[in-house]
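Just model21.txt here, compact mmCIF, C-alpha atoms and all ligand atoms:
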```
# COMPACT_ATOMS: atom_id res chain seq x y z
CA MET O 252 53.08 48.14 136.60
CA THR O 253 52.42 50.01 139.85
CA ARG O 254 49.51 51.97 141.28
CA GLU O 255 49.58 55.76 141.82
CA ARG O 256 46.60 57.52 143.39
CA GLY O 257 44.36 54.62 142.39
CA VAL O 258 45.56 54.58 138.74
CA ARG O 259 47.46 51.60 137.33
CA VAL O 260 50.73 53.00 136.01
CA HIS O 261 52.87 51.17 133.46
CA LYS O 262 56.65 51.39 133.83
CA VAL O 263 58.08 51.82 130.36
CA ALA O 264 61.55 51.42 128.91
CA ILE O 265 62.10 53.54 125.82
CA TRP O 266 64.67 51.93 123.54
CA GLY O 267 66.17 54.56 121.25
CA ALA O 268 66.59 58.18 122.35
CA GLY O 269 66.35 59.80 118.92
CA THR O 270 63.50 61.74 117.34
CA MET O 271 60.74 59.24 118.08
CA GLY O 272 62.09 58.31 121.49
CA ARG O 273 61.71 61.98 122.42
CA VAL O 274 58.18 62.18 121.00
CA HIS O 275 57.07 59.04 122.85
CA ALA O 276 58.72 60.14 126.12
CA GLY O 277 56.75 63.40 125.97
CA CYS O 278 53.53 61.43 125.53
CA TYR O 279 54.13 59.21 128.57
CA GLN O 280 54.78 62.36 130.60
CA ARG O 281 51.44 63.77 129.51
CA SER O 282 49.64 60.50 130.22
CA GLU O 283 48.42 59.44 133.65
CA GLU O 284 49.07 55.77 133.12
CA GLY O 285 52.63 55.58 131.79
CA ARG O 286 55.99 56.47 133.40
CA VAL O 287 59.30 56.23 131.60
CA ALA O 288 61.50 54.21 133.92
CA TYR O 289 64.49 53.67 131.59
CA VAL O 290 65.89 55.23 128.44
CA ILE O 291 68.15 52.83 126.58
CA ASP O 292 70.49 54.07 123.87
CA GLN O 293 73.90 53.02 122.59
CA ASP O 294 74.92 56.64 123.15
CA LEU O 295 74.90 57.24 126.92
CA GLY O 296 74.84 61.02 126.46
CA LYS O 297 71.60 60.82 124.46
CA ALA O 298 70.07 58.40 126.96
CA GLN O 299 71.02 60.75 129.82
CA GLU O 300 69.66 63.81 128.07
CA LEU O 301 66.25 62.25 127.44
CA ALA O 302 66.11 60.42 130.79
CA SER O 303 66.70 63.71 132.61
CA THR O 304 63.52 65.15 131.08
CA CYS O 305 61.34 62.39 132.48
CA GLY O 306 63.00 61.20 135.68
CA ALA O 307 64.13 57.92 134.12
CA LEU O 308 67.32 55.91 134.42
CA PRO O 309 69.64 56.19 131.41
CA THR O 310 71.48 53.10 130.25
CA THR O 311 73.36 51.63 127.31
CA ASP O 312 72.59 48.11 128.53
CA PRO O 313 69.12 46.87 127.52
CA GLU O 314 69.32 44.07 130.10
CA ALA O 315 69.22 46.62 132.93
CA ALA O 316 65.66 47.51 131.86
CA LEU O 317 64.60 44.11 130.55
CA THR O 318 65.41 42.36 133.83
CA ASP O 319 63.58 44.93 135.98
CA PRO O 320 60.34 43.20 137.02
CA GLU O 321 58.57 46.56 137.44
CA VAL O 322 58.97 47.36 133.74
CA ASP O 323 56.07 45.87 131.81
CA VAL O 324 56.29 47.77 128.51
CA VAL O 325 59.20 48.31 126.15
CA ASP O 326 58.76 51.03 123.55
CA VAL O 327 61.08 50.43 120.58
CA CYS O 328 62.10 53.66 118.83
CA LEU O 329 65.22 52.29 117.18
CA PRO O 330 66.10 52.47 113.48
CA THR O 331 63.95 50.05 111.49
CA TYR O 332 66.68 47.48 110.78
CA LEU O 333 66.94 46.91 114.55
CA HIS O 334 63.23 46.33 115.17
CA ARG O 335 63.19 42.56 114.89
CA GLU O 336 66.07 41.82 117.26
CA SER O 337 64.96 44.39 119.87
CA VAL O 338 61.28 43.40 119.81
CA GLU O 339 62.16 39.72 120.13
CA GLN O 340 64.62 40.41 122.96
CA ALA O 341 62.00 42.42 124.85
CA ALA O 342 59.32 39.77 124.25
CA ARG O 343 61.60 37.00 125.50
CA SER O 344 62.06 39.05 128.67
CA GLY O 345 58.29 38.98 129.15
CA LYS O 346 57.66 42.61 128.23
CA HIS O 347 54.79 43.95 126.10
CA VAL O 348 56.18 45.84 123.14
CA LEU O 349 55.12 48.94 121.28
CA CYS O 350 57.33 49.30 118.19
CA GLU O 351 57.56 52.22 115.78
CA LYS O 352 56.48 51.73 112.19
CA PRO O 353 57.51 50.28 109.79
CA VAL O 354 57.31 46.99 111.65
CA ALA O 355 60.41 45.65 109.87
CA LEU O 356 62.24 45.61 106.55
CA SER O 357 60.88 42.22 105.40
CA THR O 358 57.67 40.27 105.88
CA GLU O 359 59.74 37.37 107.15
CA ASP O 360 61.12 39.53 109.99
CA ALA O 361 57.69 41.02 110.72
CA LYS O 362 56.00 37.63 110.95
CA ALA O 363 58.79 36.28 113.15
CA MET O 364 58.27 39.24 115.53
CA ILE O 365 54.54 38.49 115.76
CA ASP O 366 55.18 34.78 116.33
CA THR O 367 57.76 35.47 119.05
CA CYS O 368 55.45 37.88 120.90
CA ARG O 369 52.60 35.33 120.73
CA ALA O 370 54.84 32.50 121.92
CA CYS O 371 56.04 34.65 124.83
CA GLY O 372 52.49 35.68 125.74
CA VAL O 373 53.13 39.42 125.34
CA LYS O 374 51.25 42.02 123.33
CA LEU O 375 52.74 43.73 120.30
CA GLY O 376 51.65 47.10 118.95
CA ILE O 377 52.99 48.75 115.81
CA ALA O 378 52.80 52.54 115.90
CA HIS O 379 50.93 53.39 112.69
CA VAL O 380 50.03 56.79 114.08
CA LEU O 381 48.17 58.04 111.01
CA ARG O 382 45.12 56.12 112.20
CA TYR O 383 45.00 58.48 115.18
CA PHE O 384 45.18 61.72 113.18
CA PRO O 385 41.71 63.27 113.43
CA GLU O 386 41.68 64.38 109.77
CA TYR O 387 42.34 60.82 108.59
CA GLU O 388 39.81 59.46 111.10
CA THR O 389 37.25 61.93 109.72
CA ALA O 390 38.02 60.94 106.13
CA ARG O 391 37.70 57.25 106.94
CA HIS O 392 34.43 57.84 108.72
CA MET O 393 33.04 59.71 105.70
CA ILE O 394 34.20 56.90 103.40
CA THR O 395 32.92 53.97 105.41
CA SER O 396 29.63 55.63 106.38
CA GLY O 397 28.85 56.23 102.70
CA GLU O 398 28.67 60.02 103.15
CA LEU O 399 30.93 60.56 100.15
CA GLY O 400 29.04 58.02 98.06
CA HIS O 401 30.90 55.63 95.82
CA ILE O 402 34.61 56.47 96.03
CA GLY O 403 36.40 56.76 92.70
CA THR O 404 39.80 58.34 93.27
CA VAL O 405 42.11 59.13 96.14
CA ARG O 406 45.22 61.30 96.15
CA LEU O 407 47.62 61.09 99.06
CA SER O 408 50.83 63.05 99.44
CA ARG O 409 53.51 63.25 102.12
CA VAL O 410 56.57 65.40 101.45
CA GLY O 411 59.50 66.75 103.42
CA PRO O 412 63.24 67.15 103.58
CA PHE O 413 65.52 64.13 103.64
CA PRO O 414 65.47 62.74 107.20
CA ARG O 415 68.73 62.77 109.09
CA GLY O 416 68.85 60.11 111.76
CA TRP O 417 71.61 58.65 113.84
CA ALA O 418 74.63 57.65 111.67
CA ASP O 419 72.62 58.70 108.59
CA TRP O 420 70.72 55.40 108.66
CA TYR O 421 67.79 56.78 106.63
CA ALA O 422 70.15 57.33 103.67
CA ASP O 423 70.97 53.61 103.58
CA GLU O 424 68.08 51.83 101.84
CA GLY O 425 69.28 48.54 103.33
CA ARG O 426 68.59 49.94 106.82
CA SER O 427 65.57 52.23 106.25
CA GLY O 428 63.90 50.73 103.16
CA GLY O 429 63.87 54.16 101.50
CA VAL O 430 60.99 56.56 101.06
CA LEU O 431 58.40 53.96 99.97
CA LEU O 432 58.96 51.76 102.98
CA ASP O 433 59.59 54.41 105.59
CA LEU O 434 57.30 57.29 104.58
CA SER O 435 54.65 56.19 102.07
CA ILE O 436 53.81 53.23 104.32
CA HIS O 437 51.62 55.65 106.32
CA ASP O 438 49.45 56.24 103.26
CA PHE O 439 49.45 52.58 102.20
CA ASP O 440 48.17 51.67 105.66
CA PHE O 441 45.48 54.36 105.39
CA LEU O 442 44.33 53.01 102.00
CA ARG O 443 44.05 49.49 103.35
CA TRP O 444 42.26 50.71 106.48
CA CYS O 445 39.65 52.43 104.33
CA PHE O 446 39.33 50.20 101.29
CA GLY O 447 40.69 46.74 102.11
CA PRO O 448 43.21 44.81 100.04
CA VAL O 449 45.28 46.05 97.11
CA ASP O 450 45.05 44.45 93.67
CA HIS O 451 48.18 45.87 92.06
CA VAL O 452 50.69 48.72 92.26
CA TYR O 453 52.84 50.59 89.77
CA ALA O 454 55.60 52.83 91.09
CA ARG O 455 58.31 55.11 89.77
CA LYS O 456 61.06 56.49 91.94
CA VAL O 457 64.04 58.82 91.58
CA ARG O 458 66.94 59.03 93.93
CA ASN O 459 70.28 60.76 93.86
CA ASP O 460 73.25 60.94 96.14
CA ARG O 461 72.64 64.33 97.76
CA PRO O 462 70.55 62.31 98.88
CA LEU O 463 67.07 63.06 97.60
CA GLU O 464 64.30 60.58 96.99
CA TYR O 465 60.89 60.93 95.36
CA ALA O 466 58.31 58.25 94.55
CA LEU O 467 54.94 58.19 92.89
CA VAL O 468 52.73 55.11 93.11
CA VAL O 469 49.47 54.19 91.47
CA VAL O 470 47.56 51.77 93.70
CA ARG O 471 44.56 49.87 92.41
CA MET O 472 42.46 48.55 95.28
CA LYS O 473 40.55 45.28 94.86
CA ASN O 474 37.28 47.21 95.30
CA GLY O 475 38.13 49.31 92.22
CA VAL O 476 39.29 52.52 93.92
CA ILE O 477 42.33 54.03 92.26
CA ALA O 478 44.83 55.93 94.39
CA HIS O 479 47.90 58.06 93.70
CA VAL O 480 50.44 58.05 96.49
CA GLU O 481 53.25 60.59 96.45
CA GLY O 482 56.16 60.36 98.86
CA SER O 483 59.05 62.77 98.85
CA TRP O 484 62.28 63.19 100.73
CA ALA O 485 63.33 65.84 98.26
CA HIS O 486 61.31 68.80 99.46
CA PRO O 487 63.00 71.84 101.02
CA GLY O 488 60.40 71.78 103.81
CA PRO O 489 58.48 72.19 105.93
CA PHE O 490 57.13 68.66 106.16
CA SER O 491 53.55 68.52 104.92
CA TYR O 492 50.86 66.08 103.89
CA ARG O 493 47.69 66.23 101.89
CA PHE O 494 44.79 64.13 100.74
CA GLU O 495 41.89 64.46 98.35
CA ILE O 496 39.19 61.80 98.33
CA CYS O 497 36.47 61.99 95.70
CA GLY O 498 33.19 60.12 95.75
CA SER O 499 29.94 60.24 93.85
CA SER O 500 28.34 62.38 96.61
CA GLY O 501 31.20 64.63 97.63
CA MET O 502 34.83 65.23 98.31
CA ILE O 503 37.03 65.69 101.35
CA GLU O 504 40.33 67.53 101.08
CA TYR O 505 43.06 68.15 103.59
CA ASP O 506 46.31 70.11 103.36
CA SER O 507 48.43 70.41 106.49
CA LEU O 508 49.97 73.68 105.23
CA LYS O 509 46.70 75.55 104.99
CA SER O 510 45.37 77.71 107.79
CA ARG O 511 42.00 76.08 107.17
CA PRO O 512 43.30 72.61 106.41
CA LEU O 513 40.19 70.47 106.18
CA SER O 514 37.39 71.04 103.72
CA VAL O 515 34.40 68.90 102.93
CA ALA O 516 31.98 69.42 100.08
CA THR O 517 29.02 67.13 99.71
CA ALA O 518 26.13 67.36 97.30
CA VAL O 519 23.63 67.29 100.13
CA SER O 520 24.99 68.47 103.44
CA PRO O 521 23.30 68.45 106.84
CA GLY O 522 21.71 71.87 107.33
CA GLY O 523 21.26 72.39 103.62
CA GLY O 524 24.36 74.58 103.09
CA ASN O 525 27.01 74.02 100.49
CA GLY O 526 28.60 71.33 102.60
CA GLU O 527 31.78 73.26 103.50
CA ALA O 528 33.29 72.46 106.85
CA ALA O 529 36.63 73.39 108.28
CA GLY O 530 38.92 71.67 110.70
CA GLY O 531 41.04 73.39 113.31
CA SER O 532 43.53 76.07 112.51
CA GLY O 533 47.31 76.01 112.49
CA SER O 534 49.72 74.38 110.15
CA GLY O 535 51.65 71.15 110.22
CA SER O 536 55.28 71.55 110.89
CA GLY O 537 58.40 69.53 110.74
CA ASP O 538 62.04 70.18 110.20
CA GLY O 539 62.77 72.77 107.58
CA GLY O 540 65.66 72.25 105.18
CA GLY O 541 69.00 72.33 106.94
CA THR O 542 67.79 71.30 110.40
CA PRO O 543 69.11 67.92 111.49
CA GLY O 544 66.53 65.34 112.48
CA VAL O 545 63.43 63.75 111.11
CA ALA O 546 60.22 65.53 110.25
CA VAL O 547 57.49 64.22 112.53
CA PRO O 548 53.99 64.94 111.33
CA GLU O 549 52.01 67.14 113.68
CA SER O 550 48.28 67.30 113.48
CA PRO O 551 46.97 70.82 113.03
CA LEU O 552 43.88 69.66 114.93
CA ARG O 553 45.99 69.88 118.03
CA ASP O 554 43.34 69.24 120.61
CA ARG O 555 43.46 65.53 119.75
CA GLU O 556 47.09 64.53 120.00
CA PRO O 557 47.58 61.46 117.81
CA TYR O 558 50.84 60.19 119.35
CA LEU O 559 49.44 60.48 122.86
CA ARG O 560 46.18 58.76 121.93
CA GLU O 561 48.13 55.98 120.17
CA ILE O 562 50.25 55.33 123.26
CA ARG O 563 47.31 55.50 125.66
CA GLU O 564 45.38 53.03 123.52
CA PHE O 565 48.33 50.62 123.53
CA LEU O 566 48.55 50.81 127.34
CA ALA O 567 44.79 50.18 127.57
CA TYR O 568 45.26 47.17 125.27
CA VAL O 569 48.00 45.87 127.58
CA ARG O 570 45.54 46.14 130.49
CA GLY O 571 43.00 44.18 128.42
CA GLU O 572 40.61 47.13 128.21
CA CYS O 573 40.36 47.49 124.41
CA THR O 574 41.17 46.05 121.03
CA PRO O 575 43.81 48.13 119.27
CA ARG O 576 42.89 49.79 116.00
CA VAL O 577 46.19 48.66 114.46
CA LEU O 578 46.81 44.94 114.65
CA PRO O 579 50.32 43.64 113.96
CA GLU O 580 48.86 41.94 110.87
CA ASP O 581 47.79 45.39 109.58
CA ALA O 582 51.39 46.52 109.88
CA VAL O 583 52.53 43.46 107.90
CA ALA O 584 49.94 44.19 105.18
CA ALA O 585 51.11 47.81 104.92
CA LEU O 586 54.69 46.59 104.70
CA GLU O 587 53.73 44.22 101.88
CA ILE O 588 52.31 47.14 99.86
CA SER O 589 55.51 49.13 100.44
CA LEU O 590 57.61 46.16 99.34
CA ALA O 591 55.45 45.63 96.23
CA ALA O 592 55.79 49.33 95.35
CA THR O 593 59.55 49.14 95.87
CA ARG O 594 59.72 46.09 93.55
CA SER O 595 57.68 47.94 90.95
CA ALA O 596 59.92 51.01 91.20
CA CYS O 597 63.00 48.81 90.70
CA THR O 598 61.66 46.76 87.78
CA GLY O 599 59.41 49.35 86.11
CA LYS O 600 56.66 46.72 86.04
CA VAL O 601 53.21 46.51 87.56
CA VAL O 602 53.28 44.29 90.65
CA SER O 603 50.17 42.25 91.33
CA MET O 604 49.31 41.57 94.95
CA GLY O 605 47.21 38.49 94.22
N1 LIG O 701 55.50 57.42 113.38
C1 LIG O 701 56.19 58.44 112.88
O1 LIG O 701 55.63 59.49 112.58
C2 LIG O 701 57.67 58.29 112.68
C3 LIG O 701 58.44 59.43 112.36
C4 LIG O 701 59.81 59.27 112.26
C5 LIG O 701 60.41 58.02 112.43
N2 LIG O 701 59.63 56.92 112.70
C6 LIG O 701 60.24 55.59 112.89
O2 LIG O 701 60.78 55.54 114.22
C7 LIG O 701 61.96 54.71 114.26
C8 LIG O 701 63.11 55.53 114.87
O3 LIG O 701 63.40 56.63 114.02
P1 LIG O 701 64.11 57.98 114.58
O4 LIG O 701 63.95 59.00 113.52
O5 LIG O 701 63.67 58.26 115.95
O6 LIG O 701 65.65 57.52 114.59
P2 LIG O 701 66.90 58.36 115.16
O7 LIG O 701 68.02 58.10 114.25
O8 LIG O 701 66.49 59.77 115.45
O9 LIG O 701 67.14 57.68 116.58
C9 LIG O 701 67.60 56.37 116.70
C10 LIG O 701 68.28 56.21 118.05
O10 LIG O 701 68.67 54.84 118.19
C11 LIG O 701 69.96 54.80 118.79
N3 LIG O 701 70.58 53.53 118.44
C12 LIG O 701 71.05 53.14 117.22
N4 LIG O 701 71.50 51.87 117.29
C13 LIG O 701 71.29 51.45 118.56
C14 LIG O 701 71.52 50.22 119.23
N5 LIG O 701 72.06 49.16 118.61
N6 LIG O 701 71.21 50.14 120.54
C15 LIG O 701 70.69 51.21 121.20
N7 LIG O 701 70.43 52.39 120.61
C16 LIG O 701 70.73 52.51 119.30
C17 LIG O 701 70.67 56.02 118.25
O11 LIG O 701 71.75 56.42 119.08
C18 LIG O 701 69.54 57.05 118.20
O12 LIG O 701 69.48 57.78 119.42
C19 LIG O 701 62.20 54.27 112.82
O13 LIG O 701 61.67 52.98 112.64
C20 LIG O 701 61.44 55.29 111.98
O14 LIG O 701 60.99 54.77 110.74
C21 LIG O 701 58.29 57.05 112.84
```
I'd like the structure from this file rewritten - as structure tokens, please.
Amino acid sequence: MTRERGVRVHKVAIWGAGTMGRVHAGCYQRSEEGRVAYVIDQDLGKAQELASTCGALPTTDPEAALTDPEVDVVDVCLPTYLHRESVEQAARSGKHVLCEKPVALSTEDAKAMIDTCRACGVKLGIAHVLRYFPEYETARHMITSGELGHIGTVRLSRVGPFPRGWADWYADEGRSGGVLLDLSIHDFDFLRWCFGPVDHVYARKVRNDRPLEYALVVVRMKNGVIAHVEGSWAHPGPFSYRFEICGSSGMIEYDSLKSRPLSVATAVSPGGGNGEAAGGSGSGSGDGGGTPGVAVPESPLRDREPYLREIREFLAYVRGECTPRVLPEDAVAALEISLAATRSACTGKVVSMG
């Protein structure tokens, strides 16, 4: 960490120069308190390309960044199956680590990562960015404040084209975990954030070799709420997401494809109207069919950039200025729901979460 014009500036090494590495690099550039000092990638050309956009040093050798005493944060944007080894290596080098979701492919790996970071005295953040999307923040606020009354049902959907990452790693379930672990985990984390623990899940999934993957999960929360979670990597595009949350006093709906994406209807609304409210305009976008890459959700409420706010909050946490809204244990709990849903999809049986 250094100081620039009175501001403490974190020197960051981004590990992985793919889709998320690029998104994170853009956020550090827009922040006052983070500078990308290194871009690490096994492909030097990709590291050079990204590093040139942010004045960083490109390297294929992680040690070059991990041994630099000025670097205090490592931002892991590698494929999921590499999260454990890279997070632990960074932690053992004394660096704080922000790691993309999902935390890992197994709870054993995830817990080992948390233990290693604790033992090394460094902070670990898992980038469950949905918690920073203003529409989901609004929904959670309306749920937890009681504005929607007693919640009965929740429908969550997240659909897009099949992601195409480096070496087609998303297509290998052993490396990505498939749609339930990679994509629907956003919605599982949201459910837990709003309603607490899950009682049981029942999932069905189809997959073919094109590849296409679609999953539908019924989640029963311990507090009685019933949720449907749809995740699709079989949609022609663009990437989109929706929710509908119904309570005894009202309903909040969101659809990233609509020009007026957010609507709220409550029985008694402030001001005595019919309770309709709209969010910002614009539509979510992602990669359409045929474009290589991974669809990255974009909030249509663009004035509150979720990825930037997520990164800034992690840096503030590193400086000891705040408690993060996503604890590593939250990421483990979301992973456990994904794994339970995956087990249910494989066996065709309801999986109880105790
Ligand atoms: N939060 C979100 O909205 C969101 C969206 C998409 C992906 N993700 C997650 O982000 C992570 C990265 O996904 P992505 O789509 O950016 O992947 P990607 O395939 O686009 O990029 C991965 C990069 O890692 C590099 N790489 C692979 N093996 C390496 C190694 N051993 N050493 C150094 N570099 C190596 C590749 O060359 C590539 O540049 C995944 O965990 C994914 O689930 C999160």
* Got a sec: who's within 8 Å of region 494-504 of chain O, counting all atoms listed in the file, leaving out chain neighbours fewer than 5 positions off, as a list of chain:residue names? ->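 Residues meeting the cut-off are O:Ala390, O:Glu398, O:Leu399, O:Gly400, O:His401, O:Ile402, O:Gly403, O:Thr404, O:Val405, O:Arg406, O:Leu407, O:Ser408, O:Pro512, O:Leu513, O:Ser514, O:Val515, O:Ala516, O:Thr517, O:Ala518, O:Val519.
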* Best match for closeness to ligand LIG 701 (chain O) among O:Tyr465, O:Tyr492, O:Tyr505, O:Trp266, counting only C-alpha atoms and all ligand atoms ->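 The closest residue to ligand LIG 701 (chain O) is O:Trp266.
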Could you build a table of the residues in chain O lying no more than 6 Å from ligand LIG 701 (chain O), giving for each the nearest pair of atoms and their separation in Å rounded to one decimal place, using only C-alpha atoms and all ligand atoms, ordered by chain and ascending residue number, as a tab-separated table?
```
residue	atom	partner	partner_atom	distance
O:Gly267	CA	O:LIG701	O10	4.0
O:Ala268	CA	O:LIG701	O12	4.1
O:Gly269	CA	O:LIG701	O9	3.3
O:Thr270	CA	O:LIG701	O5	3.8
O:Met271	CA	O:LIG701	O5	3.8
O:Gly272	CA	O:LIG701	O5	5.8
O:Asp292	CA	O:LIG701	N7	3.7
O:Gln293	CA	O:LIG701	C15	3.9
O:Asp294	CA	O:LIG701	O11	5.2
O:Cys328	CA	O:LIG701	C8	4.5
O:Leu329	CA	O:LIG701	O10	4.4
O:Pro330	CA	O:LIG701	C19	4.3
O:Thr331	CA	O:LIG701	O13	3.9
O:Glu351	CA	O:LIG701	O2	4.9
O:Lys352	CA	O:LIG701	O13	5.4
O:Pro353	CA	O:LIG701	O13	5.7
O:Val380	CA	O:LIG701	N1	5.6
O:Gly416	CA	O:LIG701	O7	3.3
O:Trp417	CA	O:LIG701	O7	3.7
O:Asp433	CA	O:LIG701	O14	5.3
O:Val545	CA	O:LIG701	O4	5.4
O:Val547	CA	O:LIG701	C3	4.9
O:Pro548	CA	O:LIG701	O1	5.8
```
* **Between CA of Ala454 (chain O) and CA of Val469 (chain O), distance in Å (one decimal)** => 6.3 Å
* Asked: Residues at most 12 Å from Arg409 (chain O), counting all atoms listed in the file, excluding those fewer than 3 positions away in the same chain, as JSON, numbers by chain?
  -> {"O": [381, 406, 412, 430, 431, 433, 434, 435, 436, 437, 438, 439, 465, 466, 467, 479, 480, 481, 482, 483, 484, 485, 486, 488, 489, 490, 491, 492, 493, 494, 505, 506, 507, 508, 535, 537, 546, 547, 548]}
* For CA of Pro313 (chain O) and CA of Thr574 (chain O), quote the distance in Å rounded to one decimal. => 28.7 Å
* May I ask for the distance between CA of Thr358 (chain O) and CA of Ala585 (chain O), given in Å to one decimal place? => 10.0 Å
* Long-range neighbours of Leu317 (chain O) as number ranges by chain, 9 Å cut-off, all atoms listed in the file, 6 positions minimum in chain -> O: 264, 323, 325, 340-341, 344-346
* Asked: Please, which residues are within 10 Å of (69.6, 45.5, 105.7) by the file's coordinates, counting all atoms listed in the file, and could they come as JSON, numbers by chain?
  -> {"O": [331, 332, 333, 356, 357, 423, 424, 425, 426, 427, 428]}
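Ranking O:Cys350, O:Leu578, O:Val274, O:Val468 by their shortest atom-to-atom distance to Gly599 (chain O), with all atoms listed in the file included, puts O:Val468 first.
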* Need the neighbours of (59.0, 37.3, 112.3): which residues are at most 12 Å away, counting only C-alpha atoms, as a ChimeraX atom specification? -> /O:334-339,354-370,579-580,583
* Asked: Which residues come within 9 Å of region 442-450 of chain O, counting only C-alpha atoms, excluding same-chain residues fewer than 3 positions away, as a list in words?
  -> Arg382, Ala390, Arg391, His392, Ile394, Thr395, Val405, His437, Asp438, Phe439, Val470, Arg471, Met472, Lys473, Asn474, Gly475, Val476, Ala478, Asp581, Ala584, Ala585, Ile588, Val602, Ser603, Met604 and Gly605 of chain O
* **Option closest in space to Leu559 (chain O), from O:Thr304, O:Ala378, O:Pro320, O:Val348 [counting all atoms listed in the file]** => O:Ala378
To test the calculation: enclose all listed atoms of region 316-329 of chain O in a box whose edges run along x, y and z, add 8 Å on each side, then state centre and edge lengths in Å to one decimal, as AutoDock Vina command-line options.
```
--center_x 60.9 --center_y 48.0 --center_z 127.3 --size_x 25.6 --size_y 27.3 --size_z 36.3
```
* Counting only C-alpha atoms, figure out which residue out of O:Ser282, O:Thr598, O:Asn459, O:Thr593 gets nearest to Leu432 (chain O). =>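 Selected residue with least distance to Leu432 (chain O): O:Thr593.
Distance check against Val569 (chain O) using all atoms listed in the file: of O:Gly285, O:Pro487, O:Gly306, O:Pro385, the minimum falls on O:Gly285.
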